[in-house]
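This is protein37.tsv (TSV, C-alpha atoms).
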chain	number	residue	atom	x	y	z
A	1	MET	CA	-31.22	16.49	-33.88
A	2	LYS	CA	-28.26	14.18	-34.42
A	3	ASN	CA	-26.02	14.75	-37.44
A	4	ASN	CA	-25.61	11.42	-39.26
A	5	LYS	CA	-23.59	12.95	-42.10
A	6	LYS	CA	-20.72	10.77	-43.25
A	7	SER	CA	-17.33	12.47	-43.40
A	8	ALA	CA	-15.72	12.94	-46.79
A	9	THR	CA	-12.33	11.21	-47.04
A	10	VAL	CA	-9.48	11.19	-49.51
A	11	PHE	CA	-6.42	8.91	-49.15
A	12	GLY	CA	-7.69	7.98	-45.67
A	13	TYR	CA	-7.81	11.61	-44.45
A	14	THR	CA	-11.02	13.42	-43.49
A	15	VAL	CA	-11.76	16.55	-45.51
A	16	PRO	CA	-13.00	19.39	-43.26
A	17	HIS	CA	-16.69	20.18	-43.72
A	18	GLY	CA	-17.09	23.17	-46.03
A	19	TYR	CA	-13.53	22.96	-47.41
A	20	ALA	CA	-13.44	24.67	-50.82
A	21	LEU	CA	-12.99	22.25	-53.70
A	22	CYS	CA	-11.19	22.81	-56.99
A	23	LEU	CA	-12.25	21.00	-60.17
A	24	GLN	CA	-9.72	22.63	-62.49
A	25	SER	CA	-7.70	19.71	-63.86
A	26	ASP	CA	-5.99	22.03	-66.36
A	27	CYS	CA	-4.21	23.91	-63.55
A	28	SER	CA	-0.45	23.28	-63.39
A	29	LEU	CA	-0.66	23.14	-59.57
A	30	CYS	CA	-3.64	20.79	-59.27
A	31	ASN	CA	-1.78	17.57	-58.38
A	32	LYS	CA	-0.09	19.22	-55.38
A	33	CYS	CA	-3.05	21.28	-54.14
A	34	THR	CA	-5.25	20.18	-51.22
A	35	HIS	CA	-8.30	21.86	-52.78
A	36	TYR	CA	-8.00	19.75	-55.96
A	37	LEU	CA	-7.24	16.57	-54.01
A	38	ALA	CA	-10.24	17.19	-51.73
A	39	ALA	CA	-12.51	17.26	-54.79
A	40	SER	CA	-11.78	13.56	-55.33
A	41	ALA	CA	-12.94	12.65	-51.81
A	42	ASP	CA	-15.53	9.95	-51.19
A	43	GLY	CA	-18.67	11.11	-49.38
A	44	LEU	CA	-18.88	14.72	-50.59
A	45	ASP	CA	-22.25	16.48	-50.50
A	46	GLU	CA	-24.00	17.38	-53.73
A	47	MET	CA	-23.59	21.04	-52.81
A	48	GLU	CA	-20.07	22.10	-51.87
A	49	THR	CA	-18.05	25.31	-52.08
A	50	VAL	CA	-16.10	25.37	-55.34
A	51	ILE	CA	-13.15	27.56	-56.35
A	52	MET	CA	-13.89	29.35	-59.61
A	53	PRO	CA	-11.41	29.60	-62.53
A	54	SER	CA	-11.17	33.35	-61.94
A	55	ALA	CA	-9.08	32.57	-58.82
A	56	ARG	CA	-6.17	31.82	-61.17
A	57	ASN	CA	-4.00	34.52	-62.63
A	58	ASP	CA	-0.92	33.88	-64.78
A	59	GLY	CA	-0.52	30.30	-63.52
A	60	ALA	CA	-0.88	31.27	-59.87
A	61	CYS	CA	-3.94	30.67	-57.72
A	62	ARG	CA	-4.80	32.70	-54.63
A	63	TYR	CA	-6.30	29.57	-52.99
A	64	TYR	CA	-3.39	27.21	-53.71
A	65	LYS	CA	-2.42	25.20	-50.64
A	66	GLU	CA	0.27	22.59	-51.09
A	67	LYS	CA	-0.50	19.15	-49.72
A	68	ARG	CA	1.47	18.68	-46.52
A	69	ILE	CA	1.25	15.79	-44.06
A	70	VAL	CA	1.92	16.89	-40.48
A	71	SER	CA	2.00	15.25	-37.08
A	72	GLY	CA	-1.14	16.45	-35.33
A	73	ALA	CA	-1.48	16.10	-31.57
A	74	TRP	CA	-4.57	15.83	-29.38
A	75	GLY	CA	-4.88	16.62	-25.70
A	76	PHE	CA	-2.48	17.65	-22.97
A	77	SER	CA	-4.36	16.42	-19.90
A	78	ASN	CA	-1.54	14.02	-19.05
A	79	MET	CA	0.97	16.86	-19.29
A	80	MET	CA	-1.12	18.99	-16.92
A	81	ARG	CA	-1.17	16.13	-14.38
A	82	CYS	CA	2.64	16.48	-14.14
A	83	VAL	CA	2.41	20.15	-13.14
A	84	LYS	CA	3.04	20.99	-9.48
A	85	SER	CA	0.06	22.57	-7.72
A	86	GLU	CA	1.96	25.83	-7.17
A	87	ASP	CA	2.51	26.16	-10.96
A	88	VAL	CA	-0.97	25.25	-12.20
A	89	ARG	CA	-2.64	28.66	-11.98
A	90	ALA	CA	0.19	30.62	-13.64
A	91	MET	CA	0.72	27.96	-16.30
A	92	ARG	CA	-2.99	27.77	-17.13
A	93	SER	CA	-3.04	31.56	-17.48
A	94	GLN	CA	-0.06	31.52	-19.87
A	95	LEU	CA	-1.53	28.65	-21.90
A	96	ILE	CA	-4.86	30.46	-22.24
A	97	SER	CA	-2.95	33.52	-23.43
A	98	VAL	CA	-1.08	31.45	-26.04
A	99	ILE	CA	-4.17	29.52	-27.17
A	100	GLY	CA	-6.44	32.56	-27.23
A	101	SER	CA	-9.39	31.77	-24.96
A	102	GLN	CA	-10.42	29.69	-21.98
A	103	PRO	CA	-12.94	27.58	-23.95
A	104	SER	CA	-10.28	26.81	-26.59
A	105	PHE	CA	-7.80	25.93	-23.84
A	106	TYR	CA	-10.18	23.27	-22.47
A	107	ARG	CA	-11.07	21.95	-25.94
A	108	TYR	CA	-7.39	21.46	-26.75
A	109	LYS	CA	-6.59	20.09	-23.31
A	110	ARG	CA	-9.34	17.45	-23.57
A	111	GLY	CA	-8.24	16.51	-27.10
A	112	GLU	CA	-11.40	17.76	-28.82
A	113	ALA	CA	-9.39	19.74	-31.38
A	114	MET	CA	-6.13	19.00	-33.16
A	115	LEU	CA	-3.00	20.86	-32.15
A	116	SER	CA	-0.99	21.88	-35.21
A	117	PRO	CA	2.80	21.45	-35.07
A	118	GLU	CA	3.12	25.20	-34.53
A	119	ARG	CA	0.60	25.16	-31.66
A	120	GLN	CA	2.39	22.14	-30.14
A	121	LYS	CA	5.64	24.12	-30.06
A	122	GLU	CA	3.91	27.08	-28.38
A	123	ILE	CA	2.40	24.86	-25.69
A	124	LEU	CA	5.62	22.94	-25.07
A	125	SER	CA	7.45	26.26	-24.79
A	126	VAL	CA	5.14	27.28	-21.92
A	127	PHE	CA	5.75	23.96	-20.15
A	128	ASN	CA	9.51	24.32	-20.72
A	129	SER	CA	9.47	27.84	-19.27
A	130	PHE	CA	8.21	26.33	-16.01
A	131	GLY	CA	10.91	23.64	-16.08
A	132	TYR	CA	8.81	20.76	-17.42
A	133	ASP	CA	10.72	19.00	-20.20
A	134	GLY	CA	10.31	15.74	-22.10
A	135	LEU	CA	6.51	15.74	-21.99
A	136	ALA	CA	4.27	14.31	-24.70
A	137	PHE	CA	0.74	15.12	-25.83
A	138	ASP	CA	-2.01	12.57	-25.18
A	139	SER	CA	-2.04	11.24	-28.76
A	140	TYR	CA	-0.57	11.89	-32.19
A	141	ALA	CA	-1.57	11.11	-35.79
A	142	SER	CA	-0.40	12.05	-39.28
A	143	VAL	CA	-2.94	14.38	-40.90
A	144	VAL	CA	-3.26	16.61	-43.96
A	145	ASP	CA	-2.62	20.27	-43.16
A	146	TRP	CA	-5.83	21.54	-44.74
Structure translated into structure tokens:
Amino acid sequence: MKNNKKSATVFGYTVPHGYALCLQSDCSLCNKCTHYLAASADGLDEMETVIMPSARNDGACRYYKEKRIVSGAWGFSNMMRCVKSEDVRAMRSQLISVIGSQPSFYRYKRGEAMLSPERQKEILSVFNSFGYDGLAFDSYASVVDW
């Protein structure tokens, strides 16, 4: 069965499915919080996860996440094409170790999942350790760090 669900967007950015929403406009942090901003997204379902007022304590909220725009990257297939055949096996092994699993390695390599700035640094560090410098990921875009 194909999922025809429209993505929820706010300020041109897609809100992750199931992202907790905050409706507490009286919170002093609301205008800087991704959870509050996500609640204003177009295309939200009628039933979404909502952060309750009890999450706040003395002006602080345990779910507060400041809105931050980052440069996300997708794919490193082109980078892997630059790797000498004698380095491929060892490099793939190190990358899988950094990324966490073989399936995740291939998802990231093919560009099916976004690479956070931190993950980009980890991957570039592996390439650099093998002497491959000045490489770029397959594509980049500015995204909200949900």
Selection near Leu115 in chain A, 10 Å with all atoms listed in the file, sequence-local residues under 2 positions removed, as a PDB file with C-alpha atoms, in the frame of the given file:
ATOM      1  CA  SER A  71       2.000  15.250 -37.080  1.00  0.00           C
ATOM      2  CA  GLY A  72      -1.140  16.450 -35.330  1.00  0.00           C
ATOM      3  CA  ALA A  73      -1.480  16.100 -31.570  1.00  0.00           C
ATOM      4  CA  TRP A  74      -4.570  15.830 -29.380  1.00  0.00           C
ATOM      5  CA  GLY A  75      -4.880  16.620 -25.700  1.00  0.00           C
ATOM      6  CA  PHE A  76      -2.480  17.650 -22.970  1.00  0.00           C
ATOM      7  CA  TYR A 108      -7.390  21.460 -26.750  1.00  0.00           C
ATOM      8  CA  LYS A 109      -6.590  20.090 -23.310  1.00  0.00           C
ATOM      9  CA  GLY A 111      -8.240  16.510 -27.100  1.00  0.00           C
ATOM     10  CA  GLU A 112     -11.400  17.760 -28.820  1.00  0.00           C
ATOM     11  CA  ALA A 113      -9.390  19.740 -31.380  1.00  0.00           C
ATOM     12  CA  PRO A 117       2.800  21.450 -35.070  1.00  0.00           C
ATOM     13  CA  GLU A 118       3.120  25.200 -34.530  1.00  0.00           C
ATOM     14  CA  ARG A 119       0.600  25.160 -31.660  1.00  0.00           C
ATOM     15  CA  GLN A 120       2.390  22.140 -30.140  1.00  0.00           C
ATOM     16  CA  LYS A 121       5.640  24.120 -30.060  1.00  0.00           C
ATOM     17  CA  ILE A 123       2.400  24.860 -25.690  1.00  0.00           C
ATOM     18  CA  PHE A 137       0.740  15.120 -25.830  1.00  0.00           C
ATOM     19  CA  TYR A 140      -0.570  11.890 -32.190  1.00  0.00           C
TER      20      TYR A 140
END
Residue neighbourhood range 22-26 of chain A, 7 Å, only C-alpha atoms, exclusion window fewer than 6 positions, as number ranges by chain:
A: 35-36, 39, 50-51
If you keep C-alpha atoms, can you produce a file of those selected residues as a short mmCIF file (atom, residue, chain, number, x, y, z; two decimals), in the coordinates of the input?
data_model
loop_
_atom_site.label_atom_id
_atom_site.label_comp_id
_atom_site.auth_asym_id
_atom_site.auth_seq_id
_atom_site.Cartn_x
_atom_site.Cartn_y
_atom_site.Cartn_z
CA HIS A 35 -8.30 21.86 -52.78
CA TYR A 36 -8.00 19.75 -55.96
CA ALA A 39 -12.51 17.26 -54.79
CA VAL A 50 -16.10 25.37 -55.34
CA ILE A 51 -13.15 27.56 -56.35
#
Test item: residues at most 12 Å from range 7-21 of chain A, only C-alpha atoms, excluding those fewer than 3 positions along its chain, as a PDB file with C-alpha atoms, in the frame of the given file:
ATOM      1  CA  ASN A   3     -26.020  14.750 -37.440  1.00  0.00           C
ATOM      2  CA  ASN A   4     -25.610  11.420 -39.260  1.00  0.00           C
ATOM      3  CA  GLN A  24      -9.720  22.630 -62.490  1.00  0.00           C
ATOM      4  CA  SER A  25      -7.700  19.710 -63.860  1.00  0.00           C
ATOM      5  CA  CYS A  30      -3.640  20.790 -59.270  1.00  0.00           C
ATOM      6  CA  CYS A  33      -3.050  21.280 -54.140  1.00  0.00           C
ATOM      7  CA  THR A  34      -5.250  20.180 -51.220  1.00  0.00           C
ATOM      8  CA  HIS A  35      -8.300  21.860 -52.780  1.00  0.00           C
ATOM      9  CA  TYR A  36      -8.000  19.750 -55.960  1.00  0.00           C
ATOM     10  CA  LEU A  37      -7.240  16.570 -54.010  1.00  0.00           C
ATOM     11  CA  ALA A  38     -10.240  17.190 -51.730  1.00  0.00           C
ATOM     12  CA  ALA A  39     -12.510  17.260 -54.790  1.00  0.00           C
ATOM     13  CA  SER A  40     -11.780  13.560 -55.330  1.00  0.00           C
ATOM     14  CA  ALA A  41     -12.940  12.650 -51.810  1.00  0.00           C
ATOM     15  CA  ASP A  42     -15.530   9.950 -51.190  1.00  0.00           C
ATOM     16  CA  GLY A  43     -18.670  11.110 -49.380  1.00  0.00           C
ATOM     17  CA  LEU A  44     -18.880  14.720 -50.590  1.00  0.00           C
ATOM     18  CA  ASP A  45     -22.250  16.480 -50.500  1.00  0.00           C
ATOM     19  CA  GLU A  46     -24.000  17.380 -53.730  1.00  0.00           C
ATOM     20  CA  MET A  47     -23.590  21.040 -52.810  1.00  0.00           C
ATOM     21  CA  GLU A  48     -20.070  22.100 -51.870  1.00  0.00           C
ATOM     22  CA  THR A  49     -18.050  25.310 -52.080  1.00  0.00           C
ATOM     23  CA  VAL A  50     -16.100  25.370 -55.340  1.00  0.00           C
ATOM     24  CA  ILE A  51     -13.150  27.560 -56.350  1.00  0.00           C
ATOM     25  CA  MET A  52     -13.890  29.350 -59.610  1.00  0.00           C
ATOM     26  CA  PRO A  53     -11.410  29.600 -62.530  1.00  0.00           C
ATOM     27  CA  TYR A  63      -6.300  29.570 -52.990  1.00  0.00           C
ATOM     28  CA  TYR A  64      -3.390  27.210 -53.710  1.00  0.00           C
ATOM     29  CA  LYS A  65      -2.420  25.200 -50.640  1.00  0.00           C
ATOM     30  CA  LYS A  67      -0.500  19.150 -49.720  1.00  0.00           C
ATOM     31  CA  ARG A  68       1.470  18.680 -46.520  1.00  0.00           C
ATOM     32  CA  ILE A  69       1.250  15.790 -44.060  1.00  0.00           C
ATOM     33  CA  VAL A  70       1.920  16.890 -40.480  1.00  0.00           C
ATOM     34  CA  ALA A 141      -1.570  11.110 -35.790  1.00  0.00           C
ATOM     35  CA  SER A 142      -0.400  12.050 -39.280  1.00  0.00           C
ATOM     36  CA  VAL A 143      -2.940  14.380 -40.900  1.00  0.00           C
ATOM     37  CA  VAL A 144      -3.260  16.610 -43.960  1.00  0.00           C
ATOM     38  CA  ASP A 145      -2.620  20.270 -43.160  1.00  0.00           C
ATOM     39  CA  TRP A 146      -5.830  21.540 -44.740  1.00  0.00           C
TER      40      TRP A 146
END
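Note that the spacing between CA of Tyr132 in chain A and CA of Ile96 in chain A amounts to 17.4 Å.
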I want to know what sits within 9 Å of range 124-131 of chain A, based on all atoms listed in the file, with residues of the same chain fewer than 6 positions away left out; could you give that as a PDB file with C-alpha atoms, in the coordinates of the input?
ATOM      1  CA  MET A  79       0.970  16.860 -19.290  1.00  0.00           C
ATOM      2  CA  VAL A  83       2.410  20.150 -13.140  1.00  0.00           C
ATOM      3  CA  ASP A  87       2.510  26.160 -10.960  1.00  0.00           C
ATOM      4  CA  MET A  91       0.720  27.960 -16.300  1.00  0.00           C
ATOM      5  CA  GLN A  94      -0.060  31.520 -19.870  1.00  0.00           C
ATOM      6  CA  LEU A  95      -1.530  28.650 -21.900  1.00  0.00           C
ATOM      7  CA  VAL A  98      -1.080  31.450 -26.040  1.00  0.00           C
TER       8      VAL A  98
END
Nearest to Arg56 in chain A by atom-to-atom distance, counting only C-alpha atoms, from A:Ser28, A:Glu86, A:Glu122, A:Ser93
A:Ser28
Between CA of Asp138 in chain A and CA of Asn78 in chain A, distance in Å (one decimal):
6.3 Å
Could you give me the centre and size, in Å to one decimal, of an axis-aligned box around all listed atoms of range 7-24 of chain A with 8 Å added on every side, as AutoDock Vina command-line options?
--center_x -11.9 --center_y 16.3 --center_z -52.9 --size_x 26.9 --size_y 32.7 --size_z 35.2
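The spacing separating CA of Asp58 in chain A from CA of Cys27 in chain A amounts to 10.6 Å.
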